[in-house]
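Visitor: File follows, coords_15.cif with mmCIF, C-alpha atoms:
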```
data_query
#
loop_
_atom_site.group_PDB
_atom_site.id
_atom_site.type_symbol
_atom_site.label_atom_id
_atom_site.label_comp_id
_atom_site.auth_asym_id
_atom_site.auth_seq_id
_atom_site.Cartn_x
_atom_site.Cartn_y
_atom_site.Cartn_z
ATOM 1 C CA MET A 1 -116.465 66.360 150.312
ATOM 2 C CA ASN A 2 -114.403 66.585 147.121
ATOM 3 C CA LEU A 3 -111.306 68.659 146.360
ATOM 4 C CA LYS A 4 -113.404 71.514 144.938
ATOM 5 C CA ASP A 5 -115.091 71.987 148.303
ATOM 6 C CA LEU A 6 -111.814 72.493 150.192
ATOM 7 C CA THR A 7 -111.141 76.027 151.350
ATOM 8 C CA ALA A 8 -107.722 77.679 151.336
ATOM 9 C CA ILE A 9 -107.394 77.006 155.076
ATOM 10 C CA GLU A 10 -108.150 73.332 154.563
ATOM 11 C CA TYR A 11 -105.580 73.121 151.775
ATOM 12 C CA LEU A 12 -103.046 74.692 154.141
ATOM 13 C CA ILE A 13 -103.874 72.167 156.874
ATOM 14 C CA VAL A 14 -103.468 69.270 154.423
ATOM 15 C CA PHE A 15 -100.133 70.677 153.248
ATOM 16 C CA ILE A 16 -98.920 71.093 156.839
ATOM 17 C CA ALA A 17 -100.025 67.577 157.749
ATOM 18 C CA LEU A 18 -98.233 65.991 154.772
ATOM 19 C CA ILE A 19 -95.037 68.043 154.594
ATOM 20 C CA LEU A 20 -94.178 70.014 157.757
ATOM 21 C CA PRO A 21 -93.693 67.089 160.222
ATOM 22 C CA GLY A 22 -91.432 65.296 157.761
ATOM 23 C CA PHE A 23 -89.189 68.307 157.236
ATOM 24 C CA ILE A 24 -88.959 68.879 160.988
ATOM 25 C CA ILE A 25 -87.897 65.252 161.493
ATOM 26 C CA ILE A 26 -85.288 65.473 158.708
ATOM 27 C CA LYS A 27 -83.813 68.706 160.074
ATOM 28 C CA MET A 28 -83.642 67.364 163.641
ATOM 29 C CA ILE A 29 -81.943 64.150 162.481
ATOM 30 C CA LYS A 30 -79.389 66.123 160.448
ATOM 31 C CA LEU A 31 -78.381 68.017 163.591
ATOM 32 C CA LYS A 32 -77.131 64.756 165.082
ATOM 33 C CA VAL A 33 -76.482 62.431 162.142
ATOM 34 C CA PRO A 34 -74.326 63.914 159.344
ATOM 35 C CA HIS A 35 -75.945 63.689 155.926
ATOM 36 C CA LYS A 36 -75.118 64.783 152.448
ATOM 37 C CA ASP A 37 -76.958 67.964 151.471
ATOM 38 C CA PHE A 38 -79.951 67.297 149.233
ATOM 39 C CA LEU A 39 -82.012 69.623 147.101
ATOM 40 C CA LEU A 40 -85.505 70.401 148.336
ATOM 41 C CA LYS A 41 -87.100 68.297 145.599
ATOM 42 C CA ASP A 42 -84.952 65.299 146.617
ATOM 43 C CA MET A 43 -86.195 65.478 150.220
ATOM 44 C CA LEU A 44 -89.897 65.659 149.386
ATOM 45 C CA PHE A 45 -90.436 61.888 149.240
ATOM 46 C CA GLU A 46 -88.554 61.312 152.499
ATOM 47 C CA ALA A 47 -90.423 64.174 154.184
ATOM 48 C CA LEU A 48 -93.736 62.792 152.941
ATOM 49 C CA SER A 49 -92.867 59.336 154.313
ATOM 50 C CA TYR A 50 -92.058 60.710 157.765
ATOM 51 C CA SER A 51 -95.191 62.868 157.687
ATOM 52 C CA LEU A 52 -97.378 59.868 156.863
ATOM 53 C CA LEU A 53 -95.874 58.005 159.802
ATOM 54 C CA ASN A 54 -96.618 61.005 162.002
ATOM 55 C CA LEU A 55 -100.149 61.135 160.578
ATOM 56 C CA VAL A 56 -100.763 57.500 161.480
ATOM 57 C CA LEU A 57 -99.389 57.877 164.997
ATOM 58 C CA ILE A 58 -100.865 61.170 166.179
ATOM 59 C CA ALA A 59 -101.826 63.708 163.492
ATOM 60 C CA TRP A 60 -105.409 62.421 163.513
ATOM 61 C CA LEU A 61 -105.856 63.904 167.006
ATOM 62 C CA PRO A 62 -106.761 67.496 165.951
ATOM 63 C CA TYR A 63 -109.419 66.221 163.565
ATOM 64 C CA LEU A 64 -110.880 64.059 166.316
ATOM 65 C CA LEU A 65 -111.122 67.094 168.601
ATOM 66 C CA ILE A 66 -112.699 69.167 165.837
ATOM 67 C CA TYR A 67 -115.228 66.417 165.106
ATOM 68 C CA ASN A 68 -116.187 66.245 168.790
ATOM 69 C CA GLU A 69 -116.400 70.060 168.962
ATOM 70 C CA TYR A 70 -113.768 70.611 171.616
ATOM 71 C CA HIS A 71 -112.802 74.152 172.601
ATOM 72 C CA SER A 72 -110.656 75.904 169.985
ATOM 73 C CA PHE A 73 -107.762 76.208 172.444
ATOM 74 C CA TYR A 74 -107.473 72.428 172.767
ATOM 75 C CA VAL A 75 -107.745 72.050 169.002
ATOM 76 C CA PHE A 76 -104.962 74.602 168.485
ATOM 77 C CA MET A 77 -102.696 72.897 171.053
ATOM 78 C CA SER A 78 -103.349 69.527 169.446
ATOM 79 C CA PHE A 79 -102.100 70.934 166.120
ATOM 80 C CA ILE A 80 -98.922 72.212 167.830
ATOM 81 C CA VAL A 81 -98.328 68.854 169.500
ATOM 82 C CA SER A 82 -99.141 66.805 166.393
ATOM 83 C CA PHE A 83 -97.239 68.788 163.781
ATOM 84 C CA ILE A 84 -94.275 70.218 165.735
ATOM 85 C CA ILE A 85 -93.641 68.639 169.134
ATOM 86 C CA PHE A 86 -94.340 65.006 168.249
ATOM 87 C CA PRO A 87 -92.167 65.074 165.082
ATOM 88 C CA ILE A 88 -89.281 66.355 167.234
ATOM 89 C CA PHE A 89 -89.928 63.470 169.619
ATOM 90 C CA LEU A 90 -89.902 61.013 166.689
ATOM 91 C CA ALA A 91 -86.566 62.409 165.502
ATOM 92 C CA PHE A 92 -85.028 61.979 168.960
ATOM 93 C CA MET A 93 -86.348 58.416 169.131
ATOM 94 C CA TYR A 94 -84.859 57.672 165.689
ATOM 95 C CA ILE A 95 -81.474 59.068 166.773
ATOM 96 C CA LYS A 96 -81.628 57.120 170.049
ATOM 97 C CA ILE A 97 -82.339 53.853 168.245
ATOM 98 C CA ILE A 98 -79.662 54.117 165.532
ATOM 99 C CA SER A 99 -77.102 55.280 168.112
ATOM 100 C CA SER A 100 -77.759 52.339 170.425
ATOM 101 C CA GLU A 101 -75.029 49.751 170.921
ATOM 102 C CA TYR A 102 -77.295 46.958 169.639
ATOM 103 C CA PHE A 103 -78.187 48.806 166.446
ATOM 104 C CA MET A 104 -74.605 49.895 165.766
ATOM 105 C CA SER A 105 -73.294 46.346 166.212
ATOM 106 C CA ASN A 106 -75.961 44.641 164.087
ATOM 107 C CA PHE A 107 -76.537 47.141 161.289
ATOM 108 C CA ASN A 108 -74.105 48.912 159.002
ATOM 109 C CA ILE A 109 -75.037 52.562 159.483
ATOM 110 C CA GLN A 110 -73.567 54.601 156.658
ATOM 111 C CA VAL A 111 -71.865 57.761 157.954
ATOM 112 C CA PRO A 112 -70.215 60.025 155.357
ATOM 113 C CA THR A 113 -66.730 60.000 156.949
ATOM 114 C CA ALA A 114 -64.787 58.329 159.754
ATOM 115 C CA TRP A 115 -64.418 61.827 161.205
ATOM 116 C CA ASP A 116 -68.212 62.149 161.520
ATOM 117 C CA TRP A 117 -68.579 58.634 162.916
ATOM 118 C CA TYR A 118 -66.074 59.261 165.708
ATOM 119 C CA PHE A 119 -67.055 62.758 166.747
ATOM 120 C CA SER A 120 -70.804 62.091 166.549
ATOM 121 C CA LYS A 121 -70.311 59.970 169.677
ATOM 122 C CA ARG A 122 -69.122 63.101 171.551
ATOM 123 C CA PRO A 123 -66.108 61.370 173.108
ATOM 124 C CA ASN A 124 -64.173 62.859 176.006
ATOM 125 C CA CYS A 125 -60.548 62.231 175.129
ATOM 126 C CA THR A 126 -57.113 63.721 174.648
ATOM 127 C CA LEU A 127 -55.945 64.314 171.081
ATOM 128 C CA LEU A 128 -52.440 64.343 169.665
ATOM 129 C CA ILE A 129 -52.648 66.296 166.417
ATOM 130 C CA LYS A 130 -49.631 66.140 164.120
ATOM 131 C CA LEU A 131 -49.404 69.253 161.981
ATOM 132 C CA LYS A 132 -48.087 69.452 158.444
ATOM 133 C CA ASN A 133 -45.255 71.747 159.533
ATOM 134 C CA GLY A 134 -43.840 68.957 161.709
ATOM 135 C CA SER A 135 -45.035 70.258 165.058
ATOM 136 C CA GLU A 136 -47.825 68.791 167.173
ATOM 137 C CA VAL A 137 -50.720 69.989 169.286
ATOM 138 C CA ILE A 138 -52.045 68.149 172.334
ATOM 139 C CA GLY A 139 -55.476 69.088 173.574
ATOM 140 C CA TYR A 140 -58.568 67.890 175.355
ATOM 141 C CA PHE A 141 -61.828 67.273 173.498
ATOM 142 C CA GLY A 142 -64.696 67.542 175.979
ATOM 143 C CA GLU A 143 -68.231 68.851 176.349
ATOM 144 C CA LYS A 144 -67.212 72.388 175.357
ATOM 145 C CA SER A 145 -65.225 71.254 172.328
ATOM 146 C CA TYR A 146 -66.546 71.086 168.785
ATOM 147 C CA ALA A 147 -65.828 69.243 165.540
ATOM 148 C CA THR A 148 -67.454 70.167 162.252
ATOM 149 C CA SER A 149 -69.489 67.570 160.369
ATOM 150 C CA TYR A 150 -70.006 66.662 156.726
ATOM 151 C CA PRO A 151 -70.193 68.420 154.282
ATOM 152 C CA ASN A 152 -68.120 71.047 156.124
ATOM 153 C CA GLU A 153 -64.350 70.668 156.310
ATOM 154 C CA GLY A 154 -62.938 68.735 159.258
ATOM 155 C CA SER A 155 -61.998 71.598 161.555
ATOM 156 C CA ILE A 156 -61.861 71.110 165.298
ATOM 157 C CA TYR A 157 -61.973 73.243 168.446
ATOM 158 C CA LEU A 158 -60.256 71.884 171.571
ATOM 159 C CA GLU A 159 -61.266 73.453 174.867
ATOM 160 C CA LYS A 160 -57.922 72.758 176.581
ATOM 161 C CA VAL A 161 -54.363 72.807 175.257
ATOM 162 C CA TYR A 162 -51.415 70.995 176.858
ATOM 163 C CA ILE A 163 -47.639 71.299 176.715
ATOM 164 C CA ARG A 164 -45.172 68.513 177.426
ATOM 165 C CA ASN A 165 -43.134 68.835 180.609
ATOM 166 C CA SER A 166 -40.741 65.864 180.675
ATOM 167 C CA ASP A 167 -43.118 62.878 180.856
ATOM 168 C CA LYS A 168 -46.169 64.869 181.958
ATOM 169 C CA LEU A 169 -48.726 67.077 180.258
ATOM 170 C CA GLU A 170 -49.513 70.474 181.713
ATOM 171 C CA ILE A 171 -52.447 72.719 180.803
ATOM 172 C CA VAL A 172 -51.479 75.926 179.041
ATOM 173 C CA GLU A 173 -52.505 78.668 181.455
ATOM 174 C CA ASN A 174 -54.881 81.430 180.330
ATOM 175 C CA SER A 175 -55.671 79.478 177.152
ATOM 176 C CA ASP A 176 -59.281 79.378 175.987
ATOM 177 C CA GLY A 177 -58.636 76.507 173.617
ATOM 178 C CA ILE A 178 -57.492 76.226 170.031
ATOM 179 C CA ILE A 179 -59.057 75.885 166.578
ATOM 180 C CA ILE A 180 -57.275 73.757 163.987
ATOM 181 C CA LYS A 181 -58.375 73.635 160.356
ATOM 182 C CA GLN A 182 -58.320 70.500 158.246
ATOM 183 C CA ASP A 183 -55.591 71.695 155.910
ATOM 184 C CA ALA A 184 -53.233 72.285 158.864
ATOM 185 C CA PHE A 185 -52.852 68.706 160.119
ATOM 186 C CA ASP A 186 -51.956 65.262 158.792
ATOM 187 C CA THR A 187 -53.135 62.853 161.482
ATOM 188 C CA ILE A 188 -54.939 62.769 164.820
ATOM 189 C CA GLU A 189 -54.308 60.228 167.569
ATOM 190 C CA PHE A 190 -56.962 59.655 170.223
ATOM 191 C CA TYR A 191 -56.250 58.758 173.844
ATOM 192 C CA LYS A 192 -58.718 57.896 176.577
ATOM 193 C CA ILE A 193 -57.194 60.370 179.001
ATOM 194 C CA GLY A 194 -59.364 62.777 180.985
ATOM 195 C CA GLU A 195 -59.017 66.539 181.069
ATOM 196 C CA ASN A 196 -56.800 66.193 184.144
ATOM 197 C CA ASN A 197 -54.662 63.590 182.326
ATOM 198 C CA GLU A 198 -56.014 60.726 184.389
#
```
Using structure tokens, write down the structure from this file.
Guide:
Amino acid sequence: MNLKDLTAIEYLIVFIALILPGFIIIKMIKLKVPHKDFLLKDMLFEALSYSLLNLVLIAWLPYLLIYNEYHSFYVFMSFIVSFIIFPIFLAFMYIKIISSEYFMSNFNIQVPTAWDWYFSKRPNCTLLIKLKNGSEVIGYFGEKSYATSYPNEGSIYLEKVYIRNSDKLEIVENSDGIIIKQDAFDTIEFYKIGENNE
């Protein structure tokens, strides 16, 4: 079969096989690992590389089922698994590997900012945020908290806010947290203190 014999459907399948898995992997990785925004044309080579890896590992499966004349339902499901589900799995495996203690200690993983490096680990800690107006905010960063990632500004949401009471910290009652924008603070200090100040 030469290129002239390919139908529109076959062209679509080839396009999906070579591009779609790669873009899915890139998008999934960007959800966890902050990256600089690239133009579509700049991501094509990277997407193609990931797609070829996916093709080698599993994307041959649908064609094998078609060749052996399996029921169309199994062929359809094999396309879903090969071009959507498995690329998501590959992205999670990539994130798991580069986030491992061994990988982090032996390889210099480039993260855009120190802010992204710290908050990508999803730490549970208490923050002392010194504002530009001279005041300070003490809050707890936990599972319900959020910090923006590059290229967005370094804003942060803290799920709990504390006030000082002599030498103790007390939770501000009826508070649903606080949002602080990057241009409002100078420095942030991190303390390994739990949400109950333990």
Visitor: Mind pulling up the distance from CA of Pro112 (chain A) to CA of Ser100 (chain A)?
Guide: 18.5 Å
Visitor: Would you kindly return, as JSON, numbers by chain, each protein, DNA or RNA residue with an atom no farther than 7 Å from any atom of region 88-90 of chain A, considering all atoms listed in the file and excluding same-chain residues fewer than 4 positions away?
Guide: {"A": [24, 25, 28, 84, 94]}
Visitor: Here is a test: counting all atoms listed in the file, which residue of A:Ile80, A:Ile156, A:Leu20, A:Leu48 is nearest to Asp116 (chain A)?
Guide: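 Closest to Asp116 (chain A), using all atoms listed in the file: A:Ile156.
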Visitor: To test your reading of the syntax: which residues would the PyMOL selection byres ((chain A and resi 143) around 8) return for the file shown? Reply as an MDAnalysis selection string.
Guide: chainID A and resid 122 124 141:142 144:145
Visitor: From the list A:Ile29, A:Ser49, A:Glu159, A:Glu153, which residue is nearest Met93 (chain A) when using all atoms listed in the file?
Guide: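 Ranked by minimum distance to Met93 (chain A), first place goes to A:Ile29.
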Visitor: Within 10 Å of (-107.3, 67.6, 168.3) (coordinates as in the file), grab all the protein and nucleic acid residues, counting only C-alpha atoms, and write them out as a ChimeraX atom specification.
Guide: /A:58-82
Visitor: Could you check which of A:Ser51, A:Thr113, A:Ser149, A:Asn133 is closest to Phe185 (chain A), using all atoms listed in the file?
Guide: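 Checking each candidate against Phe185 (chain A), we get A:Asn133 as the closest.
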Visitor: Quote the spacing between CA of Glu136 (chain A) and CA of Tyr118 (chain A) in Å to one decimal place.
Guide: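 The value is 20.6 Å.
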Visitor: Write out as a list in words the residues lying within 10 Å of Glu46 (chain A), counting only C-alpha atoms and excluding same-chain residues fewer than 3 positions away.
Guide: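 What passes the distance filter is Ile19, Gly22, Phe23, Ile25, Ile26, Lys41, Asp42, Met43, Ser49, Tyr50, Ser51 and Leu52 of chain A.
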Visitor: Residues near Gly177 (chain A), anyone? I mean within 7 Å using all atoms listed in the file, not counting same-chain ones fewer than 6 positions away, as a VMD selection string.
Guide: chain A and resid 157 to 161
Visitor: Here is a test: counting only C-alpha atoms, which residue of A:Asp183, A:Glu101, A:Ile188, A:Gly139 is nearest to Lys121 (chain A)?
Guide: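 For Lys121 (chain A), the nearest of the given residues is A:Glu101.
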Visitor: Report as a count of residues only all protein, DNA and RNA residues lying within 12 Å of Ile171 (chain A), evaluated on all atoms listed in the file, omitting residues in the same chain fewer than 4 positions from it.
Guide: 18
Visitor: Taking all atoms listed in the file into account, which of A:Asn152, A:Ala91, A:Val172, A:Lys32 comes nearest Trp117 (chain A)?
Guide: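 Looking at the shortest contact to Trp117 (chain A), the residue is A:Lys32.
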Visitor: How many Å separate CA of Gly134 (chain A) from CA of Asn174 (chain A)?
Guide: 25.0 Å
Visitor: Would you compute, for all listed atoms of region 53-70 of chain A, the axis-aligned bounding box grown by 5 Å on each side, and then report its centre and edge lengths in Å rounded to one decimal, as JSON?
Guide:
```
{"center_x": -106.1, "center_y": 64.1, "center_z": 165.7, "size_x": 30.5, "size_y": 23.1, "size_z": 21.8}
```
Visitor: With distances taken over all atoms listed in the file, which of A:Glu173, A:Ala184, A:Pro151, A:Pro21 is nearest to Val111 (chain A)?
Guide: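 Smallest distance to Val111 (chain A) is found for A:Pro151.
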Visitor: I'd like to see the residues matched by the PyMOL selection byres ((chain A and resi 189) around 8) on this file, and ideally I'd get them as number ranges by chain.
Guide: A: 127-129, 187-188, 190-191
